[in-house]
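Participant: First the structure, which I've put down as structure tokens, then a few questions once you've had a look.
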Amino acid sequence: MDEPNKNDENYQARQINANFEEIFYQSPIGIFCYDKNGRLTNANNSALNITRIPKLDDVLGTNLFDNPLIASKKEELHENRLIRFQDSLDLIKINERNIYNPLEPKLIDIDWTVSVTDSGYLIQIQDITDNKKNVETIKEYEATYRGLFESLDEAIQICELVFDDEEHPIDNIILDVNPAYEKQTGLKREEVIGRNIKSILPIVEQIWLDRYGEVVCEGKSMHFEEYNEGINRWFDVHATPLKDNKFSAVFTDITERKKIEEALKSNQELFKKTFDSVSFAVSIVRVSDNQIIDINEAYLRMIEYNKEEVVGHTAKELQVFPNYEEREKIARLAHDGKQVRNQEIDVRTKSGKILRALFSVDLINFDNQPHFLGSLINITDRKKAEEAVRRSEERLSAVLDNTRDVIVSFNLKTGVYEFVSPSVVDLVGYSSDEFINMGAETALEMIHPDDVILLQEARARANEIGYAEVEYRQLHKNREYIWVSNSISVQKDSSGKAIYRISSLRDITERKKAEMKARNILENISENYSEFDNKWHFVDVNNKMQEEFGIKRDDVIGKVVWELFPQTVGNKQYKEFHRAKKENISIRFESKSLLDNKWYEINAYPHPEGLSVYSHDITRRKKAEIELMRSKEKIFEIMESIQDNLYVLDYEWNYVYINKQSASAIGVEPQDFIGQNHWKMFPQYMGTVLEDNFREVMEKREVRRFEIYSPYNNNWFIVSVYPSEEGITVLGSNITERKNIEEDLQITMDELKRSNNELKQFAYVTSHDLREPLRMITSFLQLLERRYKDQLDKDANEFIDFAVNGAKRLDAMTNALLQYSKITSEKREVIPVDFEDVLKHALTNLKIQIEENNAIITHDPLPTIMGNEKLKVQLFQNIIANAIKYRGHETPKIHISSSKEKNQYLFSIKDNGIGISNKHLEKIFTIFQRLHTNEEYEGTGIGLAIAQKIVHQQGGQIWAESELEKGTIFYFTIPIKP
């Protein structure tokens, strides 16, 4: 086989088409193709999978603009030729409206790109449901976490513990603190974040680091009280382990409580002052009877009582502790001399609200009696916050563990990765721990050298405006590069300084491969393609552009188009390109190039980075348009000269054109019609066949023809209505003369029908009534012959014989005439008729005649057709009997066959008889017409006439072809539908 010529345009077109189909069907982006009427013609598998369509046939032909959202943007789409938006696709409603039956009725988020093409419309879709949920979840988590973090009254710090080579804790790095931390420690947030605690405080006791080390290493929370010498304050601390040597610590300043305890030991008066002034709840309860001796204002506010309602009563009477046994257990520990600190307990307020508090109890000597000194710190809000944070972390963890996107959290202050989601192994082949441990510098080395600057610029944009997107190549663990899409968001502190960078990474290698294939197509398309940046520098041109204008890509890339081609400055192309960018709209226009003096159709599409331009040579078309314009002028001359009425209406029913003939028929000038509404000028035609047909053509864009009577001039018209670019075109021809002829013809036909009916009745009556006197004549002649045969001479007997035979023949002819008239006068049942059965019945009726003449009758398979079986039997019987009667010297051979031709069957009955001369072929179907004497062949001459009438009655034709001494073939047709 010869190798294809790769320079051949048809070969190149096929290759481009093959490449396009490969991209179309393998693209991860869903693609729907629509024709110019908005009807769906094709879709790739990605489109069906995203929209959960079972199969393409379920939606073929559906209209693009049945989608309300796209319909609302139709004007914008046609103006800009491209629209992009994100919106939800409700598959549940689609199922309810029976548009199609989705495989999984649900709500999905779609990124839509709808564009206008030369062949119709193109929709590209991407499922962004997971990505959107991930981003929303992360934002929700961040918002929840940050809101709680910032609003809590307790001081919170998040730290990373530092160990020496022997795994002993030696320092901790502060990663984040909340505003309460500043209040309770006096340390500013911006001064501590990212720094080691030993570089902040002059003194850091090892006991603090040891306790935090126990929390991190054992992975268990710890609650303790400790004095911080560096800040000179006491703190109640809840420390919780986090991942990667990190922990959180919630502080409550208990310095005042400690002061009370010290004051109690040294000075009663000082104790009382301190007792009333502290901000947390404190009470003194007598051990002997559990009566409340004293209670401070903070306690009263907490439980919603006044002092008179409490003092002298017990906590049990007031039901302050819902679980009183738990309170008693704590009191017994204090009574036994054990220190009770910060035990969590429920507290009930006067209104019934349950609070969570930290309960501390000391046994003291007051007025020479043992008393309990109890304190409560309300931690209800903190507990709620901890629970909310826990739920948020669980939800976030579930999202991050299951999303196909990779989420990376990078601490900008410490320069370390704090979190990498498990799906990173699917992206680059490294586990989360491997990625975190490799560090930022190694991770940057995995970026393709040509793309490092792109990533750094995107990070800088994110630091500035909070968000950026970038695509680049990243090295996989298998040492191959993959394409990655990176959505970067930055979290800032209260001062506006970036502290965290959150990246969402997605593998886009397949999409990039598709784009590269598309680029290959771009290089082989028949259109010129060029790309400009926002400063009109050439960014790219394809091969066709280089060939068409004789330029080289390397010579123009980076050059300003208007400087390379100064002769184009200020021309139509220059103005339209600037308008497209200024108004941010897609533009299509035609322009004659000053470079090669050719006409081009140009499409310009603006985008944030610049302008994409496609163009193709339309010089031949422009020449054809000029010729078409000349032709239109000639057509206009013809339209004005014809005698038929011709006019054009637009979509609002206003006259766009009317020829002189139409206007003069009404008695006005053509210009008086232009712009006028047809129905306002001729309201009498509303509700008539004219309006019905006009609206049918306008809506369905199909041709209509009809007849209508005009009362203006008492004329009839046949009206042809055509859909046209403007609306409809109407052509009316005067058929009044034809209608008059038709009316006269109808009168004649009615008269002829009446006459035929009378003739049929006459034939029937005549043949029927003549038979009785003929039988009488025949009977008396036969009686005369029997009685007087011996008394009469030879001549008289011969005369009687002639008279009897003549009467018999006349009776036979009368009977045949009666049968002939019955063919059309009797009503017949129309049923499916099997012509195999018809032939069997006819041959049965002719059995004696067939046997006497040794006739051989054969046939091909015969069809079943709607009709009357009795008449078809008579038809076959008459023609076959005729063939046997007019036999030759050889044994009669008769063959019957049939064949289907369009809407009828053609039958043939062929014999080897004596044949018929050509001059007599037209006479054989005439009633009583005989070609032989009765002595040669008996008969009435009506058999073939009856056959003809049977065939004609069902709308068929019958004829014969013959040659003397060589036989005859009778042909007849039977329509399939009677």
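Letters A, B, ... mark the chains of the structure tokens in the order given; residue numbers begin at 1 per chain; ligand numbers begin at 1, in order shown.
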Can you tell me, as number ranges by chain, what residues are no more than 9 Å from range 447-449 of chain A when counting only C-alpha atoms, ignoring any on the same chain fewer than 5 positions away?

Facilitator: A: 455, 472-475, 481

Participant: Give me the residues near Val347 in chain A as a PyMOL selection string, where near means some atom within 12 Å (using only C-alpha atoms) and where sequence neighbours in that chain fewer than 3 positions away do not count.

Facilitator: chain A and resi 281+299+302-304+315-316+318-324+326-327+344+350-359+376-380

Participant: Do you have the CA of Trp536 in chain A-CA of Asn603 in chain A distance handy?

Facilitator: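 These atoms are spaced 16.2 Å apart.
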
Participant: According to DSSP computed on the backbone, where in range 242-408 of chain A is there strand (DSSP E or B)? Give the residues as a count of residues only.

Facilitator: 55

Participant: Would you compute the distance between CA of Phe235 in chain A and CA of Asn172 in chain A? Give it in Å to one decimal.

Facilitator: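 Computed distance, CA of Phe235 in chain A to CA of Asn172 in chain A, equals 17.8 Å.
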
Participant: Using only C-alpha atoms, pick whichever of A:Val177, A:Val470, A:Leu300, A:Ile83 has the shortest atom-to-atom distance to Leu69 in chain A.

Facilitator: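 Answer, going by the shortest atom-to-atom distance: A:Ile83.
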
Participant: Contacts of range 505-510 of chain A at 12 Å or less, counting only C-alpha atoms, minus same-chain residues fewer than 3 places along, as a PyMOL selection string?

Facilitator: chain A and resi 23+26-29+128+130-131+134-135+400+403-409+420-421+423-428+469-476+480-489+502+513-517

Participant: Just write the chosen residues, N, CA and C atoms, as a CSV table (one decimal), in the first residue's frame.

Facilitator:
```
chain,number,residue,atom,x,y,z
A,23,ILE,N,-8.2,13.9,21.9
A,23,ILE,CA,-8.3,14.9,23.0
A,23,ILE,C,-9.7,14.9,23.6
A,26,GLN,N,-10.5,11.6,25.6
A,26,GLN,CA,-9.7,11.3,26.7
A,26,GLN,C,-9.5,12.5,27.7
A,27,SER,N,-10.1,13.6,27.4
A,27,SER,CA,-9.9,14.8,28.2
A,27,SER,C,-10.6,14.6,29.6
A,28,PRO,N,-9.9,14.9,30.7
A,28,PRO,CA,-10.5,14.9,32.0
A,28,PRO,C,-11.6,15.9,32.2
A,29,ILE,N,-11.6,16.9,31.3
A,29,ILE,CA,-12.6,18.0,31.3
A,29,ILE,C,-13.8,17.5,30.6
A,128,ILE,N,-16.0,20.7,40.8
A,128,ILE,CA,-15.2,21.3,41.9
A,128,ILE,C,-15.8,21.1,43.2
A,130,ASP,N,-15.6,18.6,45.5
A,130,ASP,CA,-14.6,18.2,46.6
A,130,ASP,C,-13.7,19.4,47.0
A,131,ASN,N,-13.2,20.1,46.0
A,131,ASN,CA,-12.3,21.2,46.2
A,131,ASN,C,-13.0,22.3,47.0
A,134,ASN,N,-13.6,21.2,50.5
A,134,ASN,CA,-12.3,21.2,51.3
A,134,ASN,C,-12.0,22.6,51.7
A,135,VAL,N,-12.1,23.6,50.7
A,135,VAL,CA,-11.8,25.0,51.0
A,135,VAL,C,-12.7,25.5,52.1
A,400,LEU,N,-9.2,16.0,55.2
A,400,LEU,CA,-7.9,16.0,54.7
A,400,LEU,C,-7.4,14.6,54.4
A,403,THR,N,-9.6,13.6,50.9
A,403,THR,CA,-9.6,14.5,49.7
A,403,THR,C,-8.4,14.0,48.8
A,404,ARG,N,-8.7,14.1,47.5
A,404,ARG,CA,-7.6,13.8,46.5
A,404,ARG,C,-6.6,15.0,46.4
A,405,ASP,N,-7.0,16.2,46.9
A,405,ASP,CA,-6.1,17.3,46.9
A,405,ASP,C,-5.2,17.2,48.1
A,406,VAL,N,-4.0,17.7,47.9
A,406,VAL,CA,-3.0,17.7,49.0
A,406,VAL,C,-3.0,19.0,49.7
A,407,ILE,N,-3.2,19.0,51.0
A,407,ILE,CA,-3.2,20.3,51.8
A,407,ILE,C,-1.9,20.4,52.5
A,408,VAL,N,-1.2,21.5,52.4
A,408,VAL,CA,0.1,21.7,53.0
A,408,VAL,C,0.0,23.0,53.8
A,409,SER,N,0.4,22.9,55.1
A,409,SER,CA,0.4,24.0,56.0
A,409,SER,C,1.9,24.3,56.3
A,420,VAL,N,1.0,18.1,56.4
A,420,VAL,CA,0.9,17.7,55.0
A,420,VAL,C,-0.1,16.5,55.0
A,421,SER,N,-1.2,16.6,54.2
A,421,SER,CA,-2.2,15.6,54.2
A,421,SER,C,-1.7,14.3,53.6
A,423,SER,N,-2.7,12.3,51.4
A,423,SER,CA,-2.8,12.1,49.9
A,423,SER,C,-1.6,12.6,49.2
A,424,VAL,N,-0.6,13.2,49.9
A,424,VAL,CA,0.6,13.6,49.2
A,424,VAL,C,1.4,12.4,48.6
A,425,VAL,N,1.2,11.2,49.2
A,425,VAL,CA,1.9,10.1,48.6
A,425,VAL,C,1.4,9.7,47.2
A,426,ASP,N,0.1,10.0,47.0
A,426,ASP,CA,-0.4,9.8,45.6
A,426,ASP,C,0.1,10.8,44.6
A,427,LEU,N,0.4,12.0,45.2
A,427,LEU,CA,0.8,13.1,44.3
A,427,LEU,C,2.2,13.0,43.9
A,428,VAL,N,3.2,12.9,44.9
A,428,VAL,CA,4.6,12.9,44.6
A,428,VAL,C,5.3,11.7,45.0
A,469,GLU,N,-2.9,31.6,42.5
A,469,GLU,CA,-2.9,30.3,41.9
A,469,GLU,C,-1.7,30.2,41.0
A,470,VAL,N,-1.1,29.0,40.8
A,470,VAL,CA,0.0,28.8,39.9
A,470,VAL,C,0.1,27.4,39.5
A,471,GLU,N,0.6,27.1,38.3
A,471,GLU,CA,0.8,25.8,37.8
A,471,GLU,C,2.3,25.6,37.4
A,472,TYR,N,2.8,24.4,37.8
A,472,TYR,CA,4.2,24.2,37.6
A,472,TYR,C,4.5,22.7,37.6
A,473,ARG,N,5.8,22.4,37.2
A,473,ARG,CA,6.2,21.0,37.2
A,473,ARG,C,6.9,20.6,38.5
A,474,GLN,N,6.6,19.5,39.0
A,474,GLN,CA,7.2,19.0,40.3
A,474,GLN,C,7.7,17.6,40.1
A,475,LEU,N,8.9,17.4,40.7
A,475,LEU,CA,9.6,16.1,40.5
A,475,LEU,C,8.9,15.0,41.4
A,476,HIS,N,8.5,13.9,40.8
A,476,HIS,CA,7.9,12.8,41.6
A,476,HIS,C,9.1,11.9,42.2
A,480,GLU,N,10.3,11.4,37.7
A,480,GLU,CA,9.6,12.0,36.6
A,480,GLU,C,8.8,13.2,37.0
A,481,TYR,N,8.7,14.2,36.1
A,481,TYR,CA,8.0,15.4,36.5
A,481,TYR,C,6.5,15.2,36.2
A,482,ILE,N,5.8,15.8,37.1
A,482,ILE,CA,4.3,15.8,37.0
A,482,ILE,C,3.9,17.3,37.0
A,483,TRP,N,2.7,17.6,36.4
A,483,TRP,CA,2.2,19.0,36.5
A,483,TRP,C,1.3,19.1,37.7
A,484,VAL,N,1.5,20.2,38.4
A,484,VAL,CA,0.7,20.5,39.7
A,484,VAL,C,0.1,21.9,39.6
A,485,SER,N,-1.2,21.9,40.1
A,485,SER,CA,-1.9,23.1,40.3
A,485,SER,C,-1.9,23.5,41.8
A,486,ASN,N,-1.4,24.7,42.1
A,486,ASN,CA,-1.2,25.1,43.5
A,486,ASN,C,-2.1,26.3,43.8
A,487,SER,N,-3.1,26.1,44.7
A,487,SER,CA,-3.9,27.3,45.2
A,487,SER,C,-3.4,27.7,46.5
A,488,ILE,N,-2.8,28.9,46.6
A,488,ILE,CA,-2.1,29.3,47.8
A,488,ILE,C,-2.9,30.4,48.6
A,489,SER,N,-3.1,30.2,49.9
A,489,SER,CA,-3.8,31.2,50.7
A,489,SER,C,-2.9,31.5,51.9
A,502,ILE,N,-1.1,28.3,53.4
A,502,ILE,CA,-1.8,27.0,53.2
A,502,ILE,C,-1.9,26.8,51.7
A,513,LYS,N,-1.3,17.4,29.4
A,513,LYS,CA,-1.1,16.6,28.2
A,513,LYS,C,-2.1,16.9,27.2
A,514,ALA,N,-3.4,17.0,27.6
A,514,ALA,CA,-4.4,17.4,26.7
A,514,ALA,C,-4.2,18.8,26.1
A,515,GLU,N,-3.7,19.7,26.9
A,515,GLU,CA,-3.4,21.0,26.4
A,515,GLU,C,-2.3,21.0,25.4
A,516,MET,N,-1.3,20.1,25.7
A,516,MET,CA,-0.2,20.0,24.7
A,516,MET,C,-0.7,19.4,23.4
A,517,LYS,N,-1.6,18.5,23.5
A,517,LYS,CA,-2.1,17.9,22.2
A,517,LYS,C,-3.0,19.0,21.5
```

Participant: Produce a table with one row for each residue of range 63-180 of chain A that has an atom at most 12 Å from any atom of range 49-53 of chain A, each row naming the nearest atom pair and its distance in Å at one decimal; use only C-alpha atoms; arrange rows by chain and rising residue number; format as a Markdown table.

Facilitator:
```
| residue | atom | partner | partner_atom | distance |
| --- | --- | --- | --- | --- |
| A:Ser88 | CA | A:Thr51 | CA | 11.0 |
| A:Leu89 | CA | A:Thr51 | CA | 8.0 |
| A:Asp90 | CA | A:Thr51 | CA | 9.6 |
| A:Leu91 | CA | A:Thr51 | CA | 7.7 |
| A:Ile92 | CA | A:Arg52 | CA | 11.1 |
| A:Ile94 | CA | A:Thr51 | CA | 10.3 |
| A:Asn95 | CA | A:Ile53 | CA | 10.6 |
| A:Ile99 | CA | A:Ile53 | CA | 10.3 |
| A:Tyr100 | CA | A:Ile53 | CA | 7.2 |
| A:Asn101 | CA | A:Ile53 | CA | 7.1 |
| A:Pro102 | CA | A:Arg52 | CA | 5.1 |
| A:Leu103 | CA | A:Arg52 | CA | 5.1 |
| A:Glu104 | CA | A:Arg52 | CA | 6.2 |
| A:Pro105 | CA | A:Arg52 | CA | 8.0 |
| A:Lys106 | CA | A:Arg52 | CA | 9.4 |
| A:Leu107 | CA | A:Thr51 | CA | 10.0 |
| A:Ile108 | CA | A:Thr51 | CA | 8.3 |
| A:Asp109 | CA | A:Ile50 | CA | 9.9 |
| A:Ile110 | CA | A:Ile50 | CA | 8.8 |
| A:Asp111 | CA | A:Ile50 | CA | 11.0 |
| A:Trp112 | CA | A:Ile50 | CA | 11.9 |
| A:Gln124 | CA | A:Ile50 | CA | 11.0 |
| A:Ile125 | CA | A:Ile50 | CA | 8.1 |
| A:Gln126 | CA | A:Ile50 | CA | 7.5 |
| A:Asp127 | CA | A:Ile50 | CA | 6.3 |
| A:Ile128 | CA | A:Ile50 | CA | 10.0 |
| A:Thr129 | CA | A:Ile50 | CA | 10.4 |
```

Participant: Just how far from CA of Glu742 in chain A is CA of Lys949 in chain A, in Å to one decimal?

Facilitator: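 Separation of CA of Lys949 in chain A and CA of Glu742 in chain A: 27.5 Å.
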